[in-house]
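Trainee: I'm passing along query-v6.pdb; it holds PDB, C-alpha atoms, pLDDT in the B column.
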ATOM      1  CA  MET A 129       4.907  10.700 -24.442  1.00 52.00           C
ATOM      2  CA  VAL A 130       1.168   9.919 -24.556  1.00 53.00           C
ATOM      3  CA  ASP A 131      -0.986  12.002 -26.926  1.00 65.00           C
ATOM      4  CA  SER A 132      -3.412  13.826 -24.679  1.00 85.00           C
ATOM      5  CA  THR A 133      -5.640  16.869 -24.639  1.00 94.00           C
ATOM      6  CA  VAL A 134      -4.421  20.048 -23.016  1.00 96.00           C
ATOM      7  CA  MET A 135      -6.827  20.504 -20.120  1.00 95.00           C
ATOM      8  CA  ARG A 136      -5.194  23.536 -18.567  1.00 95.00           C
ATOM      9  CA  GLU A 137      -2.139  25.655 -19.370  1.00 97.00           C
ATOM     10  CA  VAL A 138      -0.320  28.387 -17.485  1.00 98.00           C
ATOM     11  CA  THR A 139       2.767  30.275 -18.643  1.00 98.00           C
ATOM     12  CA  LEU A 140       5.097  32.398 -16.543  1.00 97.00           C
ATOM     13  CA  THR A 141       8.045  34.606 -17.367  1.00 98.00           C
ATOM     14  CA  LEU A 142      10.206  35.052 -14.312  1.00 97.00           C
ATOM     15  CA  PRO A 143      13.146  37.384 -13.780  1.00 97.00           C
ATOM     16  CA  MET A 144      16.258  35.614 -12.515  1.00 97.00           C
ATOM     17  CA  LEU A 145      16.083  37.093  -9.026  1.00 95.00           C
ATOM     18  CA  PRO A 146      16.526  35.489  -5.614  1.00 91.00           C
ATOM     19  CA  ASP A 147      13.654  33.248  -4.526  1.00 91.00           C
ATOM     20  CA  MET A 148      11.724  33.643  -7.807  1.00 96.00           C
ATOM     21  CA  GLU A 149      11.818  29.840  -7.997  1.00 96.00           C
ATOM     22  CA  ILE A 150       9.226  29.875  -5.198  1.00 95.00           C
ATOM     23  CA  ALA A 151       6.762  31.699  -7.459  1.00 95.00           C
ATOM     24  CA  ALA A 152       7.171  28.932 -10.043  1.00 97.00           C
ATOM     25  CA  SER A 153       6.770  26.243  -7.397  1.00 97.00           C
ATOM     26  CA  LYS A 154       3.492  27.817  -6.221  1.00 97.00           C
ATOM     27  CA  THR A 155       2.059  27.650  -9.748  1.00 97.00           C
ATOM     28  CA  ALA A 156       3.129  24.012 -10.048  1.00 98.00           C
ATOM     29  CA  THR A 157       1.478  23.282  -6.707  1.00 97.00           C
ATOM     30  CA  ALA A 158      -1.811  24.904  -7.769  1.00 97.00           C
ATOM     31  CA  LEU A 159      -1.984  22.832 -10.954  1.00 97.00           C
ATOM     32  CA  ALA A 160      -0.964  19.602  -9.241  1.00 98.00           C
ATOM     33  CA  GLU A 161      -3.689  20.214  -6.656  1.00 97.00           C
ATOM     34  CA  PHE A 162      -6.193  20.774  -9.485  1.00 96.00           C
ATOM     35  CA  MET A 163      -5.134  17.337 -10.791  1.00 96.00           C
ATOM     36  CA  GLU A 164      -5.642  15.867  -7.306  1.00 97.00           C
ATOM     37  CA  MET A 165      -2.097  14.540  -7.133  1.00 98.00           C
ATOM     38  CA  SER A 166      -1.022  13.092  -3.796  1.00 97.00           C
ATOM     39  CA  SER A 167       0.699  15.519  -1.459  1.00 97.00           C
ATOM     40  CA  ASP A 168       3.976  13.592  -1.809  1.00 97.00           C
ATOM     41  CA  LYS A 169       3.877  13.893  -5.600  1.00 98.00           C
ATOM     42  CA  ILE A 170       3.027  17.587  -5.346  1.00 98.00           C
ATOM     43  CA  ASP A 171       6.087  18.104  -3.138  1.00 97.00           C
ATOM     44  CA  GLU A 172       8.246  16.232  -5.644  1.00 98.00           C
ATOM     45  CA  VAL A 173       7.031  18.395  -8.526  1.00 98.00           C
ATOM     46  CA  ARG A 174       7.539  21.522  -6.445  1.00 97.00           C
ATOM     47  CA  MET A 175      11.117  20.608  -5.615  1.00 98.00           C
ATOM     48  CA  ALA A 176      11.939  19.673  -9.217  1.00 98.00           C
ATOM     49  CA  VAL A 177      10.616  23.051 -10.397  1.00 98.00           C
ATOM     50  CA  VAL A 178      12.733  24.841  -7.802  1.00 98.00           C
ATOM     51  CA  GLU A 179      15.828  22.957  -8.989  1.00 98.00           C
ATOM     52  CA  ALA A 180      15.159  23.599 -12.680  1.00 98.00           C
ATOM     53  CA  CYS A 181      14.716  27.337 -12.030  1.00 98.00           C
ATOM     54  CA  ILE A 182      17.853  27.531  -9.911  1.00 96.00           C
ATOM     55  CA  ASN A 183      19.836  25.754 -12.633  1.00 95.00           C
ATOM     56  CA  SER A 184      18.774  28.425 -15.108  1.00 96.00           C
ATOM     57  CA  PHE A 185      19.364  31.270 -12.676  1.00 96.00           C
ATOM     58  CA  GLU A 186      22.830  30.013 -11.724  1.00 93.00           C
ATOM     59  CA  HIS A 187      24.245  28.614 -14.945  1.00 93.00           C
ATOM     60  CA  SER A 188      22.452  29.940 -18.038  1.00 95.00           C
ATOM     61  CA  LYS A 189      24.257  33.311 -18.288  1.00 95.00           C
ATOM     62  CA  ALA A 190      21.182  34.466 -20.249  1.00 95.00           C
ATOM     63  CA  ASP A 191      21.495  38.123 -21.293  1.00 95.00           C
ATOM     64  CA  ASP A 192      17.797  38.790 -20.697  1.00 96.00           C
ATOM     65  CA  ARG A 193      17.972  37.317 -17.176  1.00 96.00           C
ATOM     66  CA  LYS A 194      14.589  35.686 -17.668  1.00 97.00           C
ATOM     67  CA  VAL A 195      13.221  32.169 -17.615  1.00 98.00           C
ATOM     68  CA  GLU A 196      10.015  31.104 -19.352  1.00 98.00           C
ATOM     69  CA  ILE A 197       7.986  28.336 -17.802  1.00 98.00           C
ATOM     70  CA  SER A 198       4.907  26.581 -19.104  1.00 98.00           C
ATOM     71  CA  PHE A 199       2.787  24.266 -17.033  1.00 98.00           C
ATOM     72  CA  VAL A 200       0.422  22.020 -18.980  1.00 98.00           C
ATOM     73  CA  VAL A 201      -2.120  19.603 -17.573  1.00 98.00           C
ATOM     74  CA  LEU A 202      -2.662  16.772 -20.051  1.00 97.00           C
ATOM     75  CA  GLY A 203      -5.357  14.141 -20.050  1.00 96.00           C
ATOM     76  CA  ASP A 204      -8.364  12.761 -21.834  1.00 91.00           C
ATOM     77  CA  GLU A 205     -11.346  12.612 -19.516  1.00 90.00           C
ATOM     78  CA  ASP A 206      -9.346  13.193 -16.339  1.00 93.00           C
ATOM     79  CA  PRO A 207      -6.030  14.969 -15.758  1.00 95.00           C
ATOM     80  CA  GLU A 208      -3.254  12.438 -16.242  1.00 96.00           C
ATOM     81  CA  ARG A 209       0.052  14.235 -16.563  1.00 97.00           C
ATOM     82  CA  LEU A 210       1.591  17.540 -15.526  1.00 98.00           C
ATOM     83  CA  GLN A 211       4.196  18.653 -18.060  1.00 98.00           C
ATOM     84  CA  ILE A 212       6.468  21.527 -17.143  1.00 98.00           C
ATOM     85  CA  THR A 213       8.804  23.217 -19.634  1.00 98.00           C
ATOM     86  CA  ILE A 214      11.520  25.575 -18.405  1.00 98.00           C
ATOM     87  CA  ARG A 215      13.341  27.559 -21.057  1.00 98.00           C
ATOM     88  CA  ASP A 216      16.184  30.058 -20.925  1.00 98.00           C
ATOM     89  CA  SER A 217      18.111  31.821 -23.681  1.00 97.00           C
ATOM     90  CA  GLY A 218      21.499  31.273 -22.132  1.00 96.00           C
ATOM     91  CA  VAL A 219      24.761  29.783 -23.334  1.00 96.00           C
ATOM     92  CA  GLY A 220      23.647  26.151 -23.045  1.00 95.00           C
ATOM     93  CA  PHE A 221      25.627  23.116 -21.950  1.00 93.00           C
ATOM     94  CA  ALA A 222      26.268  19.529 -23.023  1.00 92.00           C
ATOM     95  CA  PRO A 223      24.001  17.396 -20.822  1.00 90.00           C
ATOM     96  CA  ASP A 224      25.498  14.117 -22.088  1.00 88.00           C
ATOM     97  CA  THR A 225      28.965  15.036 -20.854  1.00 89.00           C
ATOM     98  CA  LEU A 226      27.876  15.847 -17.311  1.00 87.00           C
ATOM     99  CA  LYS A 227      29.142  13.332 -14.775  1.00 88.00           C
ATOM    100  CA  ARG A 228      26.594  12.150 -12.235  1.00 91.00           C
ATOM    101  CA  PRO A 229      27.693  13.656  -8.907  1.00 95.00           C
ATOM    102  CA  ARG A 230      28.735  11.316  -6.085  1.00 95.00           C
ATOM    103  CA  ILE A 231      28.761  12.406  -2.494  1.00 95.00           C
ATOM    104  CA  GLU A 232      32.083  10.615  -1.881  1.00 94.00           C
ATOM    105  CA  ASP A 233      33.651  12.842  -4.543  1.00 94.00           C
ATOM    106  CA  LYS A 234      31.941  15.961  -3.182  1.00 94.00           C
ATOM    107  CA  PHE A 235      33.612  15.408   0.203  1.00 93.00           C
ATOM    108  CA  LYS A 236      36.982  15.739  -1.580  1.00 89.00           C
ATOM    109  CA  GLU A 237      35.972  18.722  -3.697  1.00 92.00           C
ATOM    110  CA  LYS A 238      35.805  22.331  -2.579  1.00 92.00           C
ATOM    111  CA  SER A 239      32.406  22.832  -4.236  1.00 93.00           C
ATOM    112  CA  LYS A 240      29.645  20.569  -2.980  1.00 93.00           C
ATOM    113  CA  ARG A 241      27.214  21.778  -5.639  1.00 94.00           C
ATOM    114  CA  GLY A 242      26.045  20.366  -8.968  1.00 93.00           C
ATOM    115  CA  TRP A 243      23.060  18.237  -7.872  1.00 96.00           C
ATOM    116  CA  GLY A 244      20.173  19.930  -9.681  1.00 96.00           C
ATOM    117  CA  LEU A 245      19.689  17.599 -12.654  1.00 96.00           C
ATOM    118  CA  THR A 246      20.235  14.488 -10.531  1.00 97.00           C
ATOM    119  CA  ILE A 247      17.480  15.627  -8.173  1.00 98.00           C
ATOM    120  CA  ILE A 248      15.115  16.530 -11.024  1.00 98.00           C
ATOM    121  CA  LYS A 249      15.608  13.127 -12.684  1.00 97.00           C
ATOM    122  CA  GLY A 250      15.099  11.369  -9.365  1.00 98.00           C
ATOM    123  CA  LEU A 251      11.842  13.148  -8.575  1.00 98.00           C
ATOM    124  CA  MET A 252      10.094  13.375 -11.955  1.00 98.00           C
ATOM    125  CA  ASP A 253       8.760  10.563 -14.155  1.00 98.00           C
ATOM    126  CA  GLU A 254      10.210  11.879 -17.428  1.00 98.00           C
ATOM    127  CA  VAL A 255      12.900  14.472 -18.088  1.00 98.00           C
ATOM    128  CA  ASP A 256      14.194  15.663 -21.466  1.00 97.00           C
ATOM    129  CA  ILE A 257      16.931  18.243 -21.809  1.00 97.00           C
ATOM    130  CA  HIS A 258      17.604  20.155 -25.012  1.00 97.00           C
ATOM    131  CA  SER A 259      20.525  22.535 -24.907  1.00 96.00           C
ATOM    132  CA  GLY A 260      22.558  24.521 -27.400  1.00 95.00           C
ATOM    133  CA  PRO A 261      24.148  27.922 -27.942  1.00 95.00           C
ATOM    134  CA  ASN A 262      20.743  29.602 -27.959  1.00 94.00           C
ATOM    135  CA  GLY A 263      19.627  28.268 -24.619  1.00 97.00           C
ATOM    136  CA  THR A 264      18.374  25.316 -22.637  1.00 98.00           C
ATOM    137  CA  THR A 265      14.945  23.748 -22.411  1.00 98.00           C
ATOM    138  CA  ILE A 266      14.038  21.197 -19.775  1.00 98.00           C
ATOM    139  CA  VAL A 267      10.787  19.314 -20.308  1.00 98.00           C
ATOM    140  CA  MET A 268       9.729  17.273 -17.320  1.00 98.00           C
ATOM    141  CA  SER A 269       6.542  15.520 -16.446  1.00 98.00           C
ATOM    142  CA  LYS A 270       4.813  13.730 -13.626  1.00 98.00           C
ATOM    143  CA  LEU A 271       1.923  11.311 -13.884  1.00 98.00           C
ATOM    144  CA  ARG A 272      -0.988  11.781 -11.514  1.00 96.00           C
TER     145      ARG A 272
ATOM    146  CA  MET B 137      10.350  37.634  -1.118  1.00 53.00           C
ATOM    147  CA  THR B 138      10.506  34.659   1.261  1.00 62.00           C
ATOM    148  CA  GLU B 139      11.184  35.077   4.946  1.00 63.00           C
ATOM    149  CA  MET B 140      14.606  34.202   6.286  1.00 84.00           C
ATOM    150  CA  LEU B 141      14.945  30.727   7.717  1.00 95.00           C
ATOM    151  CA  LYS B 142      14.439  30.707  11.478  1.00 97.00           C
ATOM    152  CA  VAL B 143      16.937  28.565  13.354  1.00 98.00           C
ATOM    153  CA  THR B 144      16.755  27.724  17.063  1.00 98.00           C
ATOM    154  CA  VAL B 145      18.862  25.428  19.215  1.00 98.00           C
ATOM    155  CA  ASP B 146      18.237  23.182  22.190  1.00 97.00           C
ATOM    156  CA  ARG B 147      21.544  22.216  23.832  1.00 95.00           C
ATOM    157  CA  ARG B 148      21.524  18.854  25.597  1.00 89.00           C
ATOM    158  CA  PRO B 149      25.269  18.082  25.870  1.00 82.00           C
ATOM    159  CA  PRO B 150      26.895  16.264  24.196  1.00 78.00           C
ATOM    160  CA  LEU B 151      23.953  16.477  21.792  1.00 92.00           C
ATOM    161  CA  ALA B 152      22.303  19.579  20.401  1.00 97.00           C
ATOM    162  CA  VAL B 153      19.103  19.841  18.418  1.00 98.00           C
ATOM    163  CA  ILE B 154      18.845  22.461  15.666  1.00 98.00           C
ATOM    164  CA  TYR B 155      15.290  23.385  14.687  1.00 98.00           C
ATOM    165  CA  THR B 156      14.537  25.060  11.372  1.00 98.00           C
ATOM    166  CA  GLU B 157      11.470  26.889  10.184  1.00 98.00           C
ATOM    167  CA  GLY B 158      11.193  27.877   6.533  1.00 96.00           C
ATOM    168  CA  TYR B 159      12.980  27.430   3.211  1.00 96.00           C
ATOM    169  CA  ILE B 160      16.526  26.062   3.269  1.00 97.00           C
ATOM    170  CA  ASN B 161      18.182  27.896   0.372  1.00 96.00           C
ATOM    171  CA  ASN B 162      21.721  29.272   0.291  1.00 95.00           C
ATOM    172  CA  GLN B 163      21.105  31.839   3.043  1.00 95.00           C
ATOM    173  CA  GLY B 164      19.212  29.287   5.112  1.00 97.00           C
ATOM    174  CA  GLY B 165      21.993  26.724   4.689  1.00 97.00           C
ATOM    175  CA  GLU B 166      24.587  29.291   5.735  1.00 97.00           C
ATOM    176  CA  GLU B 167      22.596  30.149   8.853  1.00 97.00           C
ATOM    177  CA  ILE B 168      22.398  26.456   9.813  1.00 98.00           C
ATOM    178  CA  ALA B 169      26.153  26.131   9.197  1.00 98.00           C
ATOM    179  CA  ARG B 170      26.888  29.170  11.381  1.00 98.00           C
ATOM    180  CA  VAL B 171      24.870  27.659  14.234  1.00 98.00           C
ATOM    181  CA  ALA B 172      26.369  24.179  13.707  1.00 98.00           C
ATOM    182  CA  TYR B 173      29.968  25.456  13.756  1.00 97.00           C
ATOM    183  CA  ASP B 174      29.261  27.421  16.965  1.00 97.00           C
ATOM    184  CA  LEU B 175      27.969  24.214  18.532  1.00 97.00           C
ATOM    185  CA  ILE B 176      31.034  22.264  17.382  1.00 95.00           C
ATOM    186  CA  GLU B 177      33.231  24.981  18.941  1.00 95.00           C
ATOM    187  CA  SER B 178      31.426  24.421  22.228  1.00 93.00           C
ATOM    188  CA  ASN B 179      32.132  20.659  22.081  1.00 92.00           C
ATOM    189  CA  HIS B 180      28.819  19.375  20.783  1.00 94.00           C
ATOM    190  CA  THR B 181      29.863  16.384  18.717  1.00 93.00           C
ATOM    191  CA  THR B 182      26.396  15.105  17.838  1.00 96.00           C
ATOM    192  CA  LEU B 183      23.966  17.418  16.101  1.00 98.00           C
ATOM    193  CA  LEU B 184      20.366  16.554  15.315  1.00 98.00           C
ATOM    194  CA  LEU B 185      18.746  18.707  12.655  1.00 98.00           C
ATOM    195  CA  ASN B 186      14.983  18.674  13.192  1.00 98.00           C
ATOM    196  CA  LEU B 187      13.348  19.801   9.927  1.00 98.00           C
ATOM    197  CA  LYS B 188       9.753  19.650  11.139  1.00 97.00           C
ATOM    198  CA  GLY B 189       9.273  23.305  10.205  1.00 97.00           C
ATOM    199  CA  THR B 190      10.853  22.992   6.762  1.00 97.00           C
ATOM    200  CA  LYS B 191       8.790  21.837   3.804  1.00 95.00           C
ATOM    201  CA  ILE B 192      11.156  22.833   1.027  1.00 94.00           C
ATOM    202  CA  VAL B 193      14.911  22.827   0.492  1.00 96.00           C
ATOM    203  CA  ASN B 194      17.049  23.440  -2.559  1.00 97.00           C
ATOM    204  CA  SER B 195      20.268  21.826  -3.698  1.00 96.00           C
ATOM    205  CA  ILE B 196      22.369  24.860  -2.775  1.00 96.00           C
ATOM    206  CA  GLY B 197      21.071  24.635   0.789  1.00 97.00           C
ATOM    207  CA  ILE B 198      21.718  20.888   0.839  1.00 97.00           C
ATOM    208  CA  SER B 199      25.260  21.397  -0.469  1.00 97.00           C
ATOM    209  CA  ILE B 200      25.929  23.472   2.662  1.00 97.00           C
ATOM    210  CA  LEU B 201      24.537  20.621   4.780  1.00 97.00           C
ATOM    211  CA  ILE B 202      27.099  18.358   3.038  1.00 97.00           C
ATOM    212  CA  GLU B 203      29.825  20.738   4.253  1.00 97.00           C
ATOM    213  CA  ILE B 204      28.526  20.322   7.807  1.00 97.00           C
ATOM    214  CA  ILE B 205      28.469  16.511   7.458  1.00 97.00           C
ATOM    215  CA  GLU B 206      32.055  16.646   6.184  1.00 96.00           C
ATOM    216  CA  LYS B 207      33.081  18.751   9.190  1.00 95.00           C
ATOM    217  CA  MET B 208      31.359  16.337  11.592  1.00 95.00           C
ATOM    218  CA  LEU B 209      33.158  13.366  10.013  1.00 94.00           C
ATOM    219  CA  GLU B 210      36.482  15.194  10.475  1.00 94.00           C
ATOM    220  CA  ILE B 211      35.890  15.516  14.236  1.00 95.00           C
ATOM    221  CA  ASP B 212      34.420  11.990  14.597  1.00 95.00           C
ATOM    222  CA  GLY B 213      31.062  13.502  15.352  1.00 95.00           C
ATOM    223  CA  GLN B 214      27.803  13.066  13.547  1.00 95.00           C
ATOM    224  CA  LEU B 215      24.969  15.049  12.036  1.00 97.00           C
ATOM    225  CA  ALA B 216      21.577  13.351  12.004  1.00 98.00           C
ATOM    226  CA  PHE B 217      18.169  14.420  10.712  1.00 98.00           C
ATOM    227  CA  CYS B 218      14.610  13.926  11.884  1.00 98.00           C
ATOM    228  CA  ASN B 219      11.077  14.916  10.883  1.00 98.00           C
ATOM    229  CA  LEU B 220      11.866  15.097   7.169  1.00 98.00           C
ATOM    230  CA  THR B 221       9.068  15.352   4.625  1.00 97.00           C
ATOM    231  CA  PRO B 222       8.993  12.252   2.369  1.00 98.00           C
ATOM    232  CA  THR B 223      10.303  14.364  -0.535  1.00 98.00           C
ATOM    233  CA  ILE B 224      13.222  15.790   1.421  1.00 98.00           C
ATOM    234  CA  GLU B 225      14.074  12.280   2.665  1.00 98.00           C
ATOM    235  CA  LYS B 226      13.853  10.919  -0.890  1.00 98.00           C
ATOM    236  CA  THR B 227      16.127  13.729  -2.089  1.00 98.00           C
ATOM    237  CA  PHE B 228      18.697  12.931   0.601  1.00 97.00           C
ATOM    238  CA  HIS B 229      18.666   9.306  -0.564  1.00 97.00           C
ATOM    239  CA  ILE B 230      19.029  10.349  -4.226  1.00 97.00           C
ATOM    240  CA  MET B 231      22.093  12.389  -3.260  1.00 96.00           C
ATOM    241  CA  GLY B 232      23.585   9.723  -1.008  1.00 95.00           C
ATOM    242  CA  LEU B 233      23.433  11.829   2.181  1.00 95.00           C
ATOM    243  CA  ALA B 234      21.701   9.000   3.981  1.00 93.00           C
ATOM    244  CA  GLN B 235      24.954   6.996   3.854  1.00 95.00           C
ATOM    245  CA  TYR B 236      26.698   9.610   5.989  1.00 96.00           C
ATOM    246  CA  ALA B 237      23.910  11.085   8.129  1.00 97.00           C
ATOM    247  CA  LYS B 238      21.300   9.052   9.986  1.00 97.00           C
ATOM    248  CA  ILE B 239      17.674   9.865   9.323  1.00 98.00           C
ATOM    249  CA  PHE B 240      15.072   9.319  12.055  1.00 98.00           C
ATOM    250  CA  ALA B 241      11.308   9.552  11.989  1.00 98.00           C
ATOM    251  CA  ASP B 242      11.142  11.909  14.960  1.00 97.00           C
ATOM    252  CA  GLU B 243      13.103  13.334  17.847  1.00 95.00           C
ATOM    253  CA  GLU B 244      12.161  10.582  20.299  1.00 95.00           C
ATOM    254  CA  VAL B 245      13.494   7.840  18.042  1.00 96.00           C
ATOM    255  CA  ALA B 246      16.597   9.924  17.306  1.00 96.00           C
ATOM    256  CA  PHE B 247      17.327  10.511  20.986  1.00 93.00           C
ATOM    257  CA  GLY B 248      16.955   6.811  21.748  1.00 92.00           C
ATOM    258  CA  GLU B 249      19.570   5.928  19.152  1.00 93.00           C
ATOM    259  CA  LEU B 250      21.951   8.866  19.428  1.00 93.00           C
ATOM    260  CA  THR B 251      22.248   8.786  23.219  1.00 87.00           C
ATOM    261  CA  ALA B 252      22.382   4.971  23.580  1.00 81.00           C
TER     262      ALA B 252
END
Can the structure from this file be put into structure tokens for me?

Mentor:
Amino acid sequence: MVDSTVMREVTLTLPMLPDMEIAASKTATALAEFMEMSSDKIDEVRMAVVEACINSFEHSKADDRKVEISFVVLGDEDPERLQITIRDSGVGFAPDTLKRPRIEDKFKEKSKRGWGLTIIKGLMDEVDIHSGPNGTTIVMSKLR
Amino acid sequence: MTEMLKVTVDRRPPLAVIYTEGYINNQGGEEIARVAYDLIESNHTTLLLNLKGTKIVNSIGISILIEIIEKMLEIDGQLAFCNLTPTIEKTFHIMGLAQYAKIFADEEVAFGELTA
């Protein structure tokens, strides 16, 4: 990750309630617009944020039913990178053991779900996942 | 917090076009599925999902669309999409949906191919 100055930072604490992911996506959109990202990149960031929130809401089993999100615009003279960190205090998981979903397999399975991380990795430039018994943190970023 | 997805249908047998307006989440996906299964019951074997009014979807909503694609494959029918945002189209490619559901730029192009 490039060393850069924090040009703007916003933090949110969201309750794990239906459609709260949209509140997070609106904040991401506002910051990406400040950076003058292309509309396609803004949409990609927005969708990745939605997926990361839903993952926490659905799978974290966090007792506090909250997710903390920080949005940081990094750059030197101009904004260069939007870094978004999504943190929950849930039970965690082992990201390395997750099998990449395949649609051919999903047709045979009762549950068609399990796409969140695949979508996030496909839409963002960098994604790091740290997970353990005290929770999960996803750090993802998009270059302008 | 967000409004329910609005779904409307234009029946042009054997094809039917499903129009959406709003966020396709789990409730939105279920509403599309309800409409799609009604259309299948009334012998529409080709469904075109026009997402012009949808700018955001989530993976739970898309997983319900996969169920519809699976159902269409079972009856030798097809589900196709048109008017996708570039991000939704990219997401469908990431997930592999594009192998099982045709994606068209707009309704005119879709009609030309699906009714040929």

Trainee: On this file, the PyMOL selection byres ((chain B and resi 168-180) around 7) gives some set of residues; write that set as a PyMOL selection string.

Mentor: chain B and resi 143+149-152+164-167+181-182+204

Trainee: Of the residues A:Thr213, A:Thr133, A:Ser166, A:Ser198, which is the one nearest to A:Thr264, using all atoms listed in the file?

Mentor: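 Checking each candidate against A:Thr264, we get A:Thr213 as the closest.
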
Trainee: Could you give me, as CSV, a per-residue list for chain B showing, wherever an atom lies at most 12 Å from an atom of chain A, the closest pair of atoms and their distance in Å to one decimal, using all atoms listed in the file and sorting by chain then residue number from low to high?

Mentor:
residue,atom,partner,partner_atom,distance
B:Met137,CA,A:Asp147,CA,6.5
B:Thr138,CA,A:Asp147,CA,6.7
B:Glu139,CA,A:Asp147,CA,10.0
B:Met140,CA,A:Asp147,CA,10.9
B:Tyr159,CA,A:Ile150,CA,9.5
B:Ile160,CA,A:Asp147,CA,11.0
B:Asn161,CA,A:Asp147,CA,8.6
B:Asn162,CA,A:Pro146,CA,10.0
B:Gln163,CA,A:Pro146,CA,10.5
B:Gly164,CA,A:Asp147,CA,11.8
B:Lys191,CA,A:Asp171,CA,8.3
B:Ile192,CA,A:Met175,CA,7.0
B:Val193,CA,A:Met175,CA,7.5
B:Asn194,CA,A:Glu179,CA,6.6
B:Ser195,CA,A:Trp243,CA,6.2
B:Ile196,CA,A:Arg241,CA,6.4
B:Gly197,CA,A:Arg241,CA,9.3
B:Ile198,CA,A:Arg241,CA,8.5
B:Ser199,CA,A:Lys240,CA,5.1
B:Ile200,CA,A:Lys240,CA,7.4
B:Leu201,CA,A:Lys240,CA,9.3
B:Ile202,CA,A:Lys240,CA,6.9
B:Glu203,CA,A:Lys240,CA,7.2
B:Ile204,CA,A:Phe235,CA,10.4
B:Ile205,CA,A:Phe235,CA,9.0
B:Glu206,CA,A:Phe235,CA,6.3
B:Lys207,CA,A:Phe235,CA,9.6
B:Met208,CA,A:Phe235,CA,11.6
B:Leu209,CA,A:Phe235,CA,10.0
B:Glu210,CA,A:Phe235,CA,10.7
B:Thr221,CA,A:Asp168,CA,8.4
B:Pro222,CA,A:Asp168,CA,6.7
B:Thr223,CA,A:Glu172,CA,5.8
B:Ile224,CA,A:Glu172,CA,8.7
B:Glu225,CA,A:Glu172,CA,10.9
B:Lys226,CA,A:Leu251,CA,8.3
B:Thr227,CA,A:Ile247,CA,6.5
B:Phe228,CA,A:Ile247,CA,9.3
B:His229,CA,A:Gly250,CA,9.7
B:Ile230,CA,A:Gly250,CA,6.5
B:Met231,CA,A:Ile231,CA,6.7
B:Gly232,CA,A:Ile231,CA,6.0
B:Leu233,CA,A:Ile231,CA,7.1
B:Ala234,CA,A:Ile231,CA,10.2
B:Gln235,CA,A:Ile231,CA,9.2
B:Tyr236,CA,A:Ile231,CA,9.2
B:Ala237,CA,A:Ile231,CA,11.8

Trainee: Starting from the PyMOL selection byres ((chain A and resi 214-227) around 8), expand the selection into actual residues of this file and give them as a count of residues only.

Mentor: 27

Trainee: Could you tell me how far atom CA of A:Met144 lies from atom CA of A:Glu186, in Å and to one decimal?

Mentor: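 Computing the Euclidean distance for atom CA of A:Met144 and atom CA of A:Glu186 yields 8.7 Å.
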
Trainee: Report the distance between atom CA of B:Leu187 and atom CA of B:Cys218 in Å, rounded to one decimal place.

Mentor: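 So the answer is 6.3 Å.
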
Trainee: Need to verify the contact set: B:Leu185, 8 Å, only C-alpha atoms, exclusion of same-chain residues closer than 5 positions in sequence. Can you return it as a ChimeraX atom specification?

Mentor: /B:153-156,215-218

Trainee: Just to be explicit: take each residue in the selection above, keep C-alpha atoms, and write the result as a CSV table (one decimal), keeping the file's coordinate frame.

Mentor:
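Contents of again-v4.csv, freshly written:
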chain,number,residue,atom,x,y,z
B,153,VAL,CA,19.1,19.8,18.4
B,154,ILE,CA,18.8,22.5,15.7
B,155,TYR,CA,15.3,23.4,14.7
B,156,THR,CA,14.5,25.1,11.4
B,215,LEU,CA,25.0,15.0,12.0
B,216,ALA,CA,21.6,13.4,12.0
B,217,PHE,CA,18.2,14.4,10.7
B,218,CYS,CA,14.6,13.9,11.9

Trainee: Report the centre and edge lengths, in Å to one decimal, of an axis-aligned box enclosing every atom of stretch 153-164 of chain B listed in the file, padded by 6 Å on each side, as AutoDock Vina command-line options.

Mentor:
--center_x 16.5 --center_y 25.8 --center_z 9.4 --size_x 22.5 --size_y 24.0 --size_z 30.1

Trainee: Please, could N, CA and C atoms be added to stretch 254-262 of chain A and the result written as an mmCIF file, in the coordinates of the input?

Mentor:
data_model
loop_
_atom_site.group_PDB
_atom_site.id
_atom_site.type_symbol
_atom_site.label_atom_id
_atom_site.label_comp_id
_atom_site.auth_asym_id
_atom_site.auth_seq_id
_atom_site.Cartn_x
_atom_site.Cartn_y
_atom_site.Cartn_z
ATOM 1 N N GLU A 254 9.497 11.747 -16.142
ATOM 2 C CA GLU A 254 10.210 11.879 -17.428
ATOM 3 C C GLU A 254 10.910 13.224 -17.467
ATOM 4 N N VAL A 255 12.144 13.216 -17.967
ATOM 5 C CA VAL A 255 12.900 14.472 -18.088
ATOM 6 C C VAL A 255 13.646 14.464 -19.423
ATOM 7 N N ASP A 256 13.445 15.501 -20.218
ATOM 8 C CA ASP A 256 14.194 15.663 -21.466
ATOM 9 C C ASP A 256 14.899 17.014 -21.414
ATOM 10 N N ILE A 257 16.156 17.001 -21.827
ATOM 11 C CA ILE A 257 16.931 18.243 -21.809
ATOM 12 C C ILE A 257 17.419 18.531 -23.228
ATOM 13 N N HIS A 258 17.121 19.717 -23.708
ATOM 14 C CA HIS A 258 17.604 20.155 -25.012
ATOM 15 C C HIS A 258 18.427 21.418 -24.759
ATOM 16 N N SER A 259 19.681 21.383 -25.201
ATOM 17 C CA SER A 259 20.525 22.535 -24.907
ATOM 18 C C SER A 259 21.448 22.834 -26.076
ATOM 19 N N GLY A 260 21.677 24.098 -26.315
ATOM 20 C CA GLY A 260 22.558 24.521 -27.400
ATOM 21 C C GLY A 260 22.959 25.957 -27.164
ATOM 22 N N PRO A 261 23.629 26.559 -28.148
ATOM 23 C CA PRO A 261 24.148 27.922 -27.942
ATOM 24 C C PRO A 261 23.066 28.982 -27.779
ATOM 25 N N ASN A 262 21.825 28.619 -28.117
ATOM 26 C CA ASN A 262 20.743 29.602 -27.959
ATOM 27 C C ASN A 262 19.921 29.390 -26.691
#
